[in-house]
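Text of input.cif (mmCIF, C-alpha atoms) as supplied:
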```
data_model
#
loop_
_atom_site.label_atom_id
_atom_site.label_comp_id
_atom_site.auth_asym_id
_atom_site.auth_seq_id
_atom_site.Cartn_x
_atom_site.Cartn_y
_atom_site.Cartn_z
CA MET R 1 42.79 -19.00 -94.53
CA THR R 2 39.97 -20.88 -96.19
CA ASP R 3 42.54 -22.73 -98.31
CA ASP R 4 43.57 -24.88 -95.36
CA LEU R 5 40.00 -26.02 -94.75
CA GLY R 6 40.47 -28.73 -97.41
CA ARG R 7 37.29 -30.41 -98.58
CA TRP R 8 35.41 -28.34 -96.05
CA ALA R 9 36.24 -25.11 -97.88
CA ASP R 10 32.94 -24.90 -99.74
CA PRO R 11 30.66 -25.56 -96.74
CA SER R 12 32.80 -23.13 -94.77
CA MET R 13 32.36 -20.44 -97.40
CA LEU R 14 28.62 -21.10 -97.48
CA VAL R 15 28.41 -20.78 -93.69
CA LEU R 16 30.45 -17.57 -93.71
CA ALA R 17 28.30 -16.12 -96.50
CA SER R 18 25.14 -17.07 -94.63
CA LEU R 19 26.33 -15.41 -91.44
CA ALA R 20 27.43 -12.25 -93.28
CA ASP R 21 24.01 -10.64 -92.82
CA GLY R 22 23.59 -11.53 -89.14
CA PRO R 23 23.86 -14.29 -86.51
CA LYS R 24 22.07 -17.57 -87.18
CA HIS R 25 21.85 -20.97 -85.52
CA GLY R 26 22.60 -24.21 -87.34
CA TYR R 27 19.12 -24.92 -88.67
CA ALA R 28 18.68 -21.33 -89.90
CA ILE R 29 22.03 -21.59 -91.72
CA THR R 30 20.93 -24.76 -93.53
CA GLN R 31 17.62 -23.13 -94.49
CA ASP R 32 19.32 -19.94 -95.67
CA VAL R 33 21.95 -21.77 -97.73
CA ALA R 34 19.32 -24.05 -99.27
CA ALA R 35 17.11 -21.08 -100.18
CA GLN R 36 19.87 -18.81 -101.51
CA VAL R 37 22.29 -21.24 -103.17
CA GLY R 38 20.28 -24.45 -103.52
CA VAL R 39 22.78 -26.48 -101.50
CA GLN R 40 21.45 -28.68 -98.71
CA LEU R 41 24.09 -28.85 -95.98
CA GLY R 42 23.81 -32.01 -93.90
CA PRO R 43 24.22 -31.84 -90.11
CA GLY R 44 27.66 -33.51 -90.12
CA THR R 45 28.94 -31.29 -92.92
CA LEU R 46 27.56 -28.16 -91.29
CA TYR R 47 29.09 -28.86 -87.89
CA GLY R 48 32.38 -29.93 -89.49
CA ALA R 49 32.50 -26.48 -91.05
CA ILE R 50 31.31 -24.69 -87.91
CA GLY R 51 33.97 -26.40 -85.79
CA ARG R 52 36.76 -25.42 -88.18
CA LEU R 53 35.55 -21.87 -88.63
CA GLU R 54 35.15 -21.37 -84.90
CA GLU R 55 38.55 -22.84 -84.15
CA ARG R 56 40.12 -20.42 -86.61
CA GLY R 57 38.30 -17.45 -85.12
CA LEU R 58 36.28 -16.75 -88.28
CA ILE R 59 32.97 -17.19 -86.47
CA GLU R 60 32.05 -17.13 -82.80
CA ALA R 61 29.31 -18.68 -80.73
CA LEU R 62 26.69 -16.59 -78.98
CA PRO R 63 24.84 -17.65 -75.82
CA PRO R 64 22.47 -20.55 -76.55
CA GLU R 65 18.77 -19.95 -77.11
CA GLN R 66 17.07 -23.02 -75.67
CA ARG R 67 18.90 -25.90 -77.38
CA ARG R 68 20.04 -23.86 -80.37
CA ARG R 69 23.20 -21.81 -80.40
CA PRO R 70 23.52 -18.89 -82.79
CA TYR R 71 26.84 -18.08 -84.44
CA ARG R 72 28.17 -14.75 -85.61
CA ILE R 73 30.84 -13.92 -88.19
CA THR R 74 33.87 -12.18 -86.69
CA ALA R 75 35.78 -9.23 -88.16
CA VAL R 76 38.48 -11.68 -89.25
CA GLY R 77 35.80 -13.87 -90.81
CA GLU R 78 34.41 -10.90 -92.74
CA ARG R 79 37.86 -10.12 -94.11
CA GLU R 80 38.40 -13.74 -95.12
CA LEU R 81 34.98 -13.95 -96.77
CA ALA R 82 35.57 -10.71 -98.69
CA HIS R 83 39.01 -11.90 -99.83
CA ALA R 84 37.73 -15.31 -100.91
CA ALA R 85 34.65 -13.82 -102.62
CA VAL R 86 36.78 -11.41 -104.68
CA ARG R 87 39.01 -14.32 -105.72
CA MET R 88 36.02 -16.49 -106.63
CA ARG R 89 34.48 -13.65 -108.63
CA ALA R 90 37.75 -13.24 -110.56
CA VAL R 91 37.78 -16.98 -111.34
CA ALA R 92 34.10 -16.88 -112.36
CA GLU R 93 34.60 -13.86 -114.63
CA LEU R 94 37.69 -15.38 -116.22
CA GLY R 95 35.90 -18.68 -116.86
CA LEU R 96 32.78 -17.06 -118.29
CA ALA R 97 34.78 -14.66 -120.48
CA ARG R 98 36.92 -17.45 -121.94
CA LEU R 99 33.95 -19.70 -122.50
CA ALA R 100 32.18 -16.87 -124.29
CA ALA R 101 35.27 -16.20 -126.42
CA ALA R 102 35.65 -19.88 -127.28
CA ARG R 103 31.96 -20.09 -128.31
CA ALA R 104 32.29 -16.95 -130.43
CA THR R 105 35.22 -18.38 -132.38
CA ALA R 106 33.69 -21.87 -132.73
CA MET P 1 -9.39 -37.75 -102.57
CA THR P 2 -7.43 -35.95 -105.29
CA ARG P 3 -3.93 -37.06 -106.20
CA HIS P 4 -2.55 -33.81 -104.79
CA HIS P 5 -4.44 -34.29 -101.53
CA ALA P 6 -3.15 -37.85 -101.24
CA ARG P 7 0.41 -36.68 -101.82
CA MET P 8 0.09 -33.97 -99.18
CA THR P 9 -1.40 -36.44 -96.69
CA ARG P 10 1.45 -38.88 -97.29
CA ARG P 11 3.98 -36.08 -96.92
CA HIS P 12 2.36 -34.93 -93.69
CA ARG P 13 2.43 -38.50 -92.35
CA ASP P 14 6.10 -38.81 -93.31
CA THR P 15 7.16 -35.61 -91.60
CA ALA P 16 4.81 -35.57 -88.64
CA ASP P 17 6.67 -38.21 -86.61
CA ARG P 18 9.77 -36.80 -85.04
CA PRO P 19 12.90 -38.96 -84.99
CA ASP P 20 13.35 -41.13 -81.94
CA PRO P 21 15.56 -39.25 -79.42
CA ARG P 22 17.34 -42.55 -78.69
CA PHE P 23 18.33 -42.72 -82.33
CA VAL P 24 19.68 -39.16 -82.24
CA ARG P 25 21.68 -40.07 -79.12
CA ALA P 26 23.02 -43.17 -80.88
CA VAL P 27 24.29 -41.00 -83.73
CA LEU P 28 25.86 -38.59 -81.25
CA VAL P 29 27.75 -41.41 -79.55
CA LEU P 30 29.72 -41.80 -82.78
CA TYR P 31 31.32 -38.38 -82.20
CA PRO P 32 34.34 -37.91 -79.88
CA PRO P 33 33.44 -37.02 -76.27
CA ARG P 34 35.04 -33.58 -76.43
CA TRP P 35 33.15 -32.79 -79.60
CA ARG P 36 29.89 -33.95 -77.99
CA GLU P 37 30.59 -31.83 -74.94
CA ARG P 38 30.94 -28.73 -77.11
CA TYR P 39 28.43 -29.27 -79.92
CA GLY P 40 26.35 -32.26 -78.82
CA GLU P 41 23.19 -30.50 -77.66
CA GLU P 42 22.86 -28.08 -80.56
CA PHE P 43 23.81 -30.81 -83.03
CA ALA P 44 21.07 -33.08 -81.64
CA SER P 45 18.62 -30.20 -81.92
CA LEU P 46 19.65 -29.57 -85.54
CA LEU P 47 19.47 -33.24 -86.48
CA THR P 48 16.00 -33.49 -84.93
CA ASP P 49 14.79 -30.32 -86.67
CA MET P 50 16.18 -31.37 -90.05
CA ALA P 51 14.81 -34.89 -89.77
CA ASP P 52 11.49 -33.48 -88.65
CA ALA P 53 11.30 -31.21 -91.69
CA SER P 54 12.41 -33.87 -94.18
CA PRO P 55 10.39 -36.64 -95.76
CA ARG P 56 11.31 -40.02 -94.38
CA ALA P 57 13.05 -41.01 -97.59
CA ALA P 58 15.46 -38.09 -97.23
CA ARG P 59 16.38 -38.96 -93.66
CA ALA P 60 18.86 -41.65 -94.76
CA GLY P 61 20.91 -38.91 -96.39
CA LEU P 62 20.90 -36.87 -93.18
CA ILE P 63 22.01 -39.86 -91.14
CA ALA P 64 24.74 -40.71 -93.65
CA ASP P 65 25.98 -37.12 -93.48
CA ALA P 66 25.92 -37.17 -89.67
CA ILE P 67 27.92 -40.42 -89.64
CA SER P 68 30.38 -38.99 -92.17
CA GLY P 69 30.76 -35.95 -89.90
CA ALA P 70 31.45 -38.26 -86.95
CA LEU P 71 34.17 -40.07 -88.87
CA ASP P 72 35.71 -36.73 -89.82
CA ALA P 73 35.54 -35.51 -86.21
CA ARG P 74 37.34 -38.69 -85.09
CA ARG P 75 39.94 -38.51 -87.87
CA ASN P 76 40.57 -34.81 -87.37
CA PRO P 77 39.66 -34.10 -83.78
CA PRO P 78 39.17 -30.38 -83.37
CA GLY P 79 42.09 -28.63 -81.74
CA GLY P 80 39.64 -28.81 -78.89
CA ARG P 81 39.76 -25.15 -78.25
CA THR P 82 38.09 -22.33 -80.02
CA MET P 83 39.45 -18.81 -79.93
CA THR P 84 37.27 -17.94 -76.95
CA ASP P 85 38.31 -21.15 -75.19
CA ARG P 86 41.93 -20.12 -75.59
CA ILE P 87 41.18 -16.65 -74.21
CA ARG P 88 39.38 -18.27 -71.26
CA ARG P 89 42.44 -20.43 -70.67
CA SER P 90 44.68 -17.36 -70.72
CA ILE P 91 42.44 -15.60 -68.20
CA ALA P 92 42.43 -18.70 -65.98
CA LEU P 93 46.24 -18.77 -66.12
CA VAL P 94 46.38 -15.11 -65.14
CA ALA P 95 43.97 -15.81 -62.25
CA CYS P 96 46.27 -18.58 -60.99
CA ALA P 97 49.28 -16.28 -61.41
CA VAL P 98 47.49 -13.58 -59.40
CA VAL P 99 46.84 -16.03 -56.57
CA ALA P 100 50.53 -17.06 -56.45
CA PHE P 101 51.53 -13.40 -56.71
CA THR P 102 49.22 -12.47 -53.84
CA ILE P 103 50.72 -15.17 -51.62
CA ALA P 104 54.26 -13.97 -52.37
CA GLY P 105 53.17 -10.35 -51.83
CA ALA P 106 51.54 -11.21 -48.52
CA GLY P 107 54.77 -12.98 -47.52
CA PHE P 108 56.76 -9.84 -48.36
CA GLN P 109 54.31 -7.69 -46.40
CA LYS P 110 54.54 -10.03 -43.40
CA MET P 111 58.33 -10.21 -43.62
CA THR P 112 58.79 -6.43 -43.71
CA GLU P 113 56.29 -5.45 -41.01
CA TYR P 114 58.96 -5.31 -38.29
CA PRO P 115 59.99 -1.82 -37.11
CA ASP P 116 63.60 -2.47 -38.22
CA PHE P 117 62.54 -2.45 -41.88
CA ARG P 118 60.50 0.74 -41.48
CA ALA P 119 63.49 2.37 -39.80
CA ALA P 120 65.76 1.25 -42.67
CA ALA P 121 63.30 2.76 -45.17
CA ARG P 122 63.35 6.07 -43.28
CA GLN P 123 67.14 6.16 -43.34
CA HIS P 124 67.79 5.04 -46.92
CA ALA P 125 66.05 6.66 -49.91
CA ALA P 126 66.54 3.67 -52.22
CA ILE P 127 64.77 1.33 -49.78
CA ALA P 128 61.95 3.83 -49.26
CA ALA P 129 61.55 4.43 -53.01
CA SER P 130 61.37 0.71 -53.80
CA PHE P 131 58.79 0.28 -51.02
CA ASP P 132 56.69 3.11 -52.43
CA VAL P 133 56.87 1.80 -56.01
CA LEU P 134 56.01 -1.69 -54.80
CA ARG P 135 52.96 -0.50 -52.88
CA ALA P 136 51.70 1.77 -55.68
CA ALA P 137 52.12 -0.98 -58.28
CA ALA P 138 50.40 -3.49 -55.99
CA ILE P 139 47.42 -1.13 -55.57
CA LEU P 140 47.23 -0.61 -59.35
CA ALA P 141 47.44 -4.37 -59.85
CA GLY P 142 44.52 -4.77 -57.45
CA ILE P 143 42.51 -2.23 -59.44
CA ALA P 144 43.32 -4.09 -62.68
CA VAL P 145 42.16 -7.36 -61.09
CA LEU P 146 38.89 -5.71 -60.06
CA ALA P 147 38.43 -4.09 -63.50
CA GLY P 148 38.84 -7.43 -65.22
CA GLY P 149 37.33 -9.69 -62.60
CA LEU P 150 34.15 -7.86 -61.62
CA PRO P 151 32.43 -8.00 -65.05
CA LEU P 152 33.25 -11.71 -65.29
CA ALA P 153 32.14 -12.38 -61.73
CA TRP P 154 28.90 -10.45 -62.27
CA SER P 155 28.19 -12.37 -65.47
CA VAL P 156 28.81 -15.71 -63.75
CA ILE P 157 26.70 -14.79 -60.69
CA ARG P 158 23.81 -13.64 -62.90
CA GLN P 159 24.08 -16.81 -64.95
CA ALA P 160 24.23 -19.03 -61.87
CA ILE P 161 21.03 -17.45 -60.56
CA THR P 162 19.00 -17.00 -63.76
CA ALA P 163 20.00 -20.31 -65.35
CA ARG P 164 19.85 -22.09 -61.98
CA ARG P 165 23.27 -23.64 -62.32
CA PRO P 166 24.08 -25.30 -58.96
CA ASP P 167 27.54 -26.22 -60.25
CA LEU P 168 28.36 -22.53 -60.76
CA ILE P 169 26.88 -21.56 -57.40
CA ARG P 170 29.00 -24.18 -55.63
CA LEU P 171 32.14 -22.92 -57.38
CA LEU P 172 31.25 -19.30 -56.58
CA LEU P 173 30.98 -20.16 -52.89
CA ILE P 174 34.45 -21.75 -52.72
CA PRO P 175 36.58 -18.53 -52.65
CA PRO P 176 34.62 -16.75 -49.87
CA ALA P 177 34.37 -20.02 -47.92
CA ALA P 178 38.12 -20.61 -48.32
CA VAL P 179 39.04 -17.07 -47.23
CA ILE P 180 36.60 -17.00 -44.29
CA GLY P 181 37.69 -20.49 -43.23
CA TRP P 182 41.35 -19.52 -43.37
CA LEU P 183 40.75 -16.32 -41.38
CA ALA P 184 38.78 -18.27 -38.76
CA VAL P 185 41.51 -20.89 -38.42
CA THR P 186 44.14 -18.13 -38.24
CA VAL P 187 42.28 -16.46 -35.35
CA ILE P 188 41.87 -19.79 -33.53
CA ILE P 189 45.57 -20.67 -33.96
CA ALA P 190 46.69 -17.18 -32.93
CA ARG P 191 44.52 -17.27 -29.78
CA SER P 192 45.61 -20.77 -28.83
CA VAL P 193 49.31 -19.91 -29.22
CA GLY P 194 49.02 -16.59 -27.39
CA HIS P 195 51.98 -14.24 -27.02
CA GLN P 196 55.05 -16.37 -27.60
CA GLN P 197 58.62 -15.46 -28.45
CA VAL P 198 59.03 -14.91 -32.21
CA HIS P 199 61.58 -17.72 -32.47
CA SER P 200 59.75 -20.11 -30.14
CA ALA P 201 58.82 -23.52 -31.54
CA ALA P 202 55.10 -22.92 -30.88
CA ASN P 203 55.13 -19.60 -32.73
CA ILE P 204 57.03 -21.02 -35.70
CA ALA P 205 54.69 -24.03 -35.88
CA ALA P 206 51.65 -21.75 -35.73
CA ALA P 207 53.01 -19.45 -38.46
CA ALA P 208 53.89 -22.44 -40.65
CA ALA P 209 50.39 -23.91 -40.18
CA ILE P 210 48.73 -20.58 -41.02
CA ALA P 211 50.94 -20.20 -44.10
CA LEU P 212 50.26 -23.76 -45.27
CA LEU P 213 46.50 -23.37 -44.81
CA GLY P 214 46.70 -20.03 -46.62
CA VAL P 215 48.37 -21.72 -49.59
CA ILE P 216 45.67 -24.43 -49.59
CA ALA P 217 42.91 -21.79 -49.43
CA ALA P 218 44.56 -19.82 -52.24
CA ALA P 219 44.89 -22.97 -54.36
CA ALA P 220 41.18 -23.66 -53.81
CA CYS P 221 40.36 -20.10 -54.93
CA ALA P 222 42.52 -20.47 -58.05
CA TRP P 223 40.95 -23.84 -58.88
CA ALA P 224 37.42 -22.45 -58.43
CA ALA P 225 38.20 -19.43 -60.64
CA ALA P 226 39.65 -21.63 -63.38
CA ALA P 227 36.68 -24.03 -63.19
CA LEU P 228 34.20 -21.12 -63.36
CA LEU P 229 35.96 -19.72 -66.41
CA ARG P 230 35.80 -23.15 -68.04
CA ARG P 231 32.16 -23.92 -67.26
CA ALA P 232 30.34 -20.60 -67.45
CA GLU P 233 28.88 -19.19 -70.64
CA LEU P 234 31.12 -16.21 -71.33
CA THR P 235 30.58 -14.39 -74.57
CA PRO P 236 33.48 -13.23 -76.76
CA ARG P 237 32.22 -9.68 -76.24
CA LEU P 238 32.83 -10.10 -72.53
CA LEU P 239 36.14 -11.96 -72.86
CA ARG P 240 37.87 -9.79 -75.46
CA PRO P 241 38.20 -6.58 -73.39
CA GLN P 242 39.87 -8.62 -70.66
CA VAL P 243 43.14 -8.26 -72.52
CA VAL P 244 43.38 -4.61 -71.41
CA PRO P 245 43.26 -5.23 -67.62
CA MET P 246 45.42 -8.33 -68.17
CA ALA P 247 48.09 -6.18 -69.84
CA ALA P 248 47.86 -3.54 -67.10
CA LEU P 249 48.05 -6.24 -64.45
CA SER P 250 51.11 -7.86 -66.07
CA ALA P 251 52.87 -4.47 -66.19
CA CYS P 252 52.06 -3.83 -62.51
CA MET P 253 53.26 -7.31 -61.56
CA ALA P 254 56.54 -6.66 -63.38
CA LEU P 255 56.88 -3.37 -61.49
CA VAL P 256 56.24 -5.07 -58.14
CA THR P 257 58.79 -7.76 -58.95
CA GLY P 258 61.36 -5.16 -59.98
CA ALA P 259 60.68 -3.12 -56.86
CA ASP P 260 61.06 -6.21 -54.66
CA ILE P 261 64.42 -7.01 -56.26
CA THR P 262 65.52 -3.39 -55.86
CA TRP P 263 64.39 -3.40 -52.22
CA GLY P 264 66.47 -6.49 -51.38
CA LEU P 265 69.58 -5.23 -53.16
CA ALA P 266 69.23 -1.78 -51.59
CA LEU P 267 68.80 -3.31 -48.13
CA ARG P 268 71.86 -5.52 -48.59
CA THR P 269 73.93 -2.51 -49.62
CA ALA P 270 72.60 -0.11 -46.97
CA ASP P 271 72.16 -2.42 -43.99
CA GLY P 272 73.96 -5.74 -44.43
CA ALA P 273 73.28 -6.82 -40.85
CA LEU P 274 69.53 -6.44 -41.25
CA PHE P 275 69.62 -8.16 -44.64
CA HIS P 276 71.41 -11.18 -43.15
CA SER P 277 69.26 -11.27 -39.99
CA ASP P 278 66.72 -13.96 -39.05
CA ASN P 279 63.78 -11.75 -40.03
CA GLY P 280 62.73 -13.93 -42.94
CA LEU P 281 59.49 -15.89 -43.08
CA VAL P 282 58.81 -18.04 -40.00
CA ALA P 283 61.92 -16.55 -38.34
CA THR P 284 64.29 -18.00 -40.94
CA PRO P 285 67.23 -16.10 -42.48
CA LEU P 286 65.98 -13.23 -44.62
CA PRO P 287 67.96 -13.79 -47.88
CA PRO P 288 66.30 -17.15 -48.76
CA SER P 289 62.83 -15.79 -47.88
CA TRP P 290 63.43 -12.72 -50.01
CA ALA P 291 64.88 -14.77 -52.89
CA ALA P 292 61.98 -17.26 -52.76
CA GLY P 293 59.51 -14.36 -52.84
CA VAL P 294 61.28 -12.83 -55.83
CA VAL P 295 61.23 -16.17 -57.68
CA VAL P 296 57.47 -16.62 -57.08
CA LEU P 297 56.72 -13.02 -58.07
CA ALA P 298 58.85 -13.31 -61.21
CA ALA P 299 57.36 -16.68 -62.19
CA ALA P 300 53.81 -15.39 -61.69
CA THR P 301 54.64 -12.29 -63.73
CA VAL P 302 56.06 -14.38 -66.59
CA VAL P 303 52.96 -16.62 -66.57
CA ALA P 304 50.59 -13.63 -66.57
CA ALA P 305 52.52 -11.77 -69.28
CA THR P 306 52.77 -14.86 -71.50
CA ALA P 307 49.04 -15.58 -71.11
CA THR P 308 48.25 -11.93 -71.90
CA VAL P 309 50.37 -11.96 -75.05
CA ARG P 310 48.69 -15.18 -76.17
CA ALA P 311 45.24 -13.73 -75.56
CA ALA P 312 46.17 -10.58 -77.50
CA ARG P 313 47.43 -12.71 -80.39
CA GLU P 314 44.14 -14.61 -80.43
CA LEU P 315 42.35 -11.32 -81.01
CA ARG P 316 44.64 -10.24 -83.82
CA THR P 317 45.15 -13.37 -85.88
CA PRO P 318 43.10 -16.53 -86.25
CA ALA P 319 44.86 -19.78 -85.36
CA GLN P 320 46.18 -21.78 -88.27
#
```
Encoded form using structure tokens:
Amino acid sequence: MTDDLGRWADPSMLVLASLADGPKHGYAITQDVAAQVGVQLGPGTLYGAIGRLEERGLIEALPPEQRRRPYRITAVGERELAHAAVRMRAVAELGLARLAAARATA
Amino acid sequence: MTRHHARMTRRHRDTADRPDPRFVRAVLVLYPPRWRERYGEEFASLLTDMADASPRAARAGLIADAISGALDARRNPPGGRTMTDRIRRSIALVACAVVAFTIAGAGFQKMTEYPDFRAAARQHAAIAASFDVLRAAAILAGIAVLAGGLPLAWSVIRQAITARRPDLIRLLLIPPAAVIGWLAVTVIIARSVGHQQVHSAANIAAAAAIALLGVIAAAACAWAAAALLRRAELTPRLLRPQVVPMAALSACMALVTGADITWGLALRTADGALFHSDNGLVATPLPPSWAAGVVVLAAATVVAATATVRAARELRTPAQ
């Protein structure tokens, strides 16, 4: 699912990961992602990702609170995030293991 | 003043002034209208908050990102509809189908109210059974409409009052106004025509006028329901369970349609003279009235069932 998000895949993953522990509005997502991962999502990037995720049913909007609208990850979004996270962990472990092996033999 | 103090003062000066709302609006204009309609307000709030919390030097990056997002939104306009929007659309389609179905059902009820049809039902089991199935399924369909419609209606009414949404209140008033208006006009027409022969020109004209006004009132109700579903804030939690009454309603509509077909065929077999009589709508031959009713019922059923299946698919799989 996240494969077809193109260059928006990373912001989309960050948004999904941020929403995994509870609903947040746009500003709270940017603050959370910046604090946890060190990535500053711009407003255009964030809403590009939110629009795509919402359209694909991975997140859903909650009733607005004043001018801010919180979003919540859906069950489908949780499955997609878990699937993508497992895949990313496998890639990370493979890369780290091979780098370590290459350094050991160098 | 220490260097640290000076830096903090400069930072406070940089971040204290909020961005000009006109500038935020100018950035928003770059986005497509449909995108603005959906995300505009919250996006403006985010842009303001982020700019407010950033030093002035960092604002250029925010603006560049917002402009880049606008270009992306114009290059790849969102499908326009989120999952919940598509479920809303399905519910609106079902509401329109129910209105058409109700009109056709009322036509059938009106057509078969003559004593000849009741006598035929008493004499022939197949006609009586199809009548009974039709009525039972129609009652169940009504219950399904109430089960699905009341929570939505309550949510919209509460929202219209608490959020002071005059647009929602106006739309909510349309269905009762349309029904009351139609009933009032019906009474006036009926009184002005008086007791006329069934096949008299005055009676036929009055029945045609009442039917036409009924269709207009029903169309107004359907339009108001669809507009309410489009404009009101309806949470996914409220929309998702609608699939259950929608499925029950579609099944009942299919039963009613089947029973109507069975009724007509049974009547033709059992009492050909009555079937070919002029007891159709507005004193026209019965077969075309019956066939037209069946077509409307079947079309409404297909629309409702298709919309229900689409809504159910939305819940199961995300759109690609």
* Compile the contact shell of Pro70 in chain R as a PyMOL selection string: residues with an atom at most 9 Å away, counting all atoms listed in the file, same-chain residues fewer than 5 positions apart removed. => chain R and resi 23-26+28+60-65
* Asked: Counting all atoms listed in the file, which of P:Pro241, P:Gly107, P:Gly258, P:Gly181 gets nearest to Gly148 in chain P?
  -> P:Pro241
* Could the residues of chain R within 8 Å of chain P, counting only C-alpha atoms, be given as a VMD selection string, please? => chain R and resid 1 26 to 27 42 to 45 47 to 48 51 to 52 54 to 58 60 to 63 67 to 69 76
* On this file, the PyMOL selection byres ((chain P and resi 125-133) around 12) gives some set of residues; write that set as a ChimeraX atom specification. => /P:108-109,112-113,117-124,134-141,252-271,275
Would you save the residues of that selection, restricted to C-alpha atoms, as a CSV table (one decimal), in the coordinates of the input?
```csv
chain,number,residue,atom,x,y,z
P,108,PHE,CA,56.8,-9.8,-48.4
P,109,GLN,CA,54.3,-7.7,-46.4
P,112,THR,CA,58.8,-6.4,-43.7
P,113,GLU,CA,56.3,-5.4,-41.0
P,117,PHE,CA,62.5,-2.4,-41.9
P,118,ARG,CA,60.5,0.7,-41.5
P,119,ALA,CA,63.5,2.4,-39.8
P,120,ALA,CA,65.8,1.2,-42.7
P,121,ALA,CA,63.3,2.8,-45.2
P,122,ARG,CA,63.4,6.1,-43.3
P,123,GLN,CA,67.1,6.2,-43.3
P,124,HIS,CA,67.8,5.0,-46.9
P,134,LEU,CA,56.0,-1.7,-54.8
P,135,ARG,CA,53.0,-0.5,-52.9
P,136,ALA,CA,51.7,1.8,-55.7
P,137,ALA,CA,52.1,-1.0,-58.3
P,138,ALA,CA,50.4,-3.5,-56.0
P,139,ILE,CA,47.4,-1.1,-55.6
P,140,LEU,CA,47.2,-0.6,-59.4
P,141,ALA,CA,47.4,-4.4,-59.8
P,252,CYS,CA,52.1,-3.8,-62.5
P,253,MET,CA,53.3,-7.3,-61.6
P,254,ALA,CA,56.5,-6.7,-63.4
P,255,LEU,CA,56.9,-3.4,-61.5
P,256,VAL,CA,56.2,-5.1,-58.1
P,257,THR,CA,58.8,-7.8,-59.0
P,258,GLY,CA,61.4,-5.2,-60.0
P,259,ALA,CA,60.7,-3.1,-56.9
P,260,ASP,CA,61.1,-6.2,-54.7
P,261,ILE,CA,64.4,-7.0,-56.3
P,262,THR,CA,65.5,-3.4,-55.9
P,263,TRP,CA,64.4,-3.4,-52.2
P,264,GLY,CA,66.5,-6.5,-51.4
P,265,LEU,CA,69.6,-5.2,-53.2
P,266,ALA,CA,69.2,-1.8,-51.6
P,267,LEU,CA,68.8,-3.3,-48.1
P,268,ARG,CA,71.9,-5.5,-48.6
P,269,THR,CA,73.9,-2.5,-49.6
P,270,ALA,CA,72.6,-0.1,-47.0
P,271,ASP,CA,72.2,-2.4,-44.0
P,275,PHE,CA,69.6,-8.2,-44.6
```
* **Selection under test: the PyMOL selection byres ((chain R and resi 81-90) around 8); residues as a list of chain:residue names** =>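 Against this file, the PyMOL selection byres ((chain R and resi 81-90) around 8) returns the residues R:Thr2, R:Met13, R:Leu16, R:Ala17, R:Gly77, R:Glu78, R:Arg79, R:Glu80, R:Val91, R:Ala92, R:Glu93, R:Leu94.
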Keeping only C-alpha atoms, write those residues as a compact mmCIF listing (two decimals), in the coordinates of the input.
```txt
# COMPACT_ATOMS: atom_id res chain seq x y z
CA THR R 2 39.97 -20.88 -96.19
CA MET R 13 32.36 -20.44 -97.40
CA LEU R 16 30.45 -17.57 -93.71
CA ALA R 17 28.30 -16.12 -96.50
CA GLY R 77 35.80 -13.87 -90.81
CA GLU R 78 34.41 -10.90 -92.74
CA ARG R 79 37.86 -10.12 -94.11
CA GLU R 80 38.40 -13.74 -95.12
CA VAL R 91 37.78 -16.98 -111.34
CA ALA R 92 34.10 -16.88 -112.36
CA GLU R 93 34.60 -13.86 -114.63
CA LEU R 94 37.69 -15.38 -116.22
```
* To do: Please indicate the distance in Å from CA of Ala144 in chain P to CA of Ala232 in chain P, rounded to one decimal place.
  =>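 So the two atoms, CA of Ala144 in chain P and CA of Ala232 in chain P, lie 21.5 Å apart.
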* Asked: When you draw a straight line from CA of Val296 in chain P to CA of Ile216 in chain P, how long is it in Å?
  -> 16.0 Å
Leaving out Gln40 in chain R and any residue of its chain fewer than 6 positions from it, which residues lie within 9 Å of it when counting all atoms listed in the file, given as a PDB file with C-alpha atoms, in the frame of the given file?
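Below is the file part38.pdb, written as the result:
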```pdb
ATOM      1  CA  THR R  30      20.930 -24.760 -93.530  1.00  0.00           C
ATOM      2  CA  GLN R  31      17.620 -23.130 -94.490  1.00  0.00           C
ATOM      3  CA  VAL R  33      21.950 -21.770 -97.730  1.00  0.00           C
ATOM      4  CA  ALA R  34      19.320 -24.050 -99.270  1.00  0.00           C
TER       5      ALA R  34
END
```
* **Neighbour list for Ala227 in chain P as a VMD selection string, cut-off 9 Å, all atoms listed in the file, skip fewer than 5 positions in-chain** => chain P and resid 92 168 171 222 232
Writing out the chosen residues with C-alpha atoms as an mmCIF file, in the coordinates of the input:
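Produced file result-v1.cif, reproduced below:
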```
data_model
loop_
_atom_site.group_PDB
_atom_site.id
_atom_site.type_symbol
_atom_site.label_atom_id
_atom_site.label_comp_id
_atom_site.auth_asym_id
_atom_site.auth_seq_id
_atom_site.Cartn_x
_atom_site.Cartn_y
_atom_site.Cartn_z
ATOM 1 C CA ALA P 92 42.430 -18.700 -65.980
ATOM 2 C CA LEU P 168 28.360 -22.530 -60.760
ATOM 3 C CA LEU P 171 32.140 -22.920 -57.380
ATOM 4 C CA ALA P 222 42.520 -20.470 -58.050
ATOM 5 C CA ALA P 232 30.340 -20.600 -67.450
#
```
* To do: Take CA of Val243 in chain P and CA of Ile73 in chain R and report the distance between them in Å, one decimal.
  => 20.7 Å
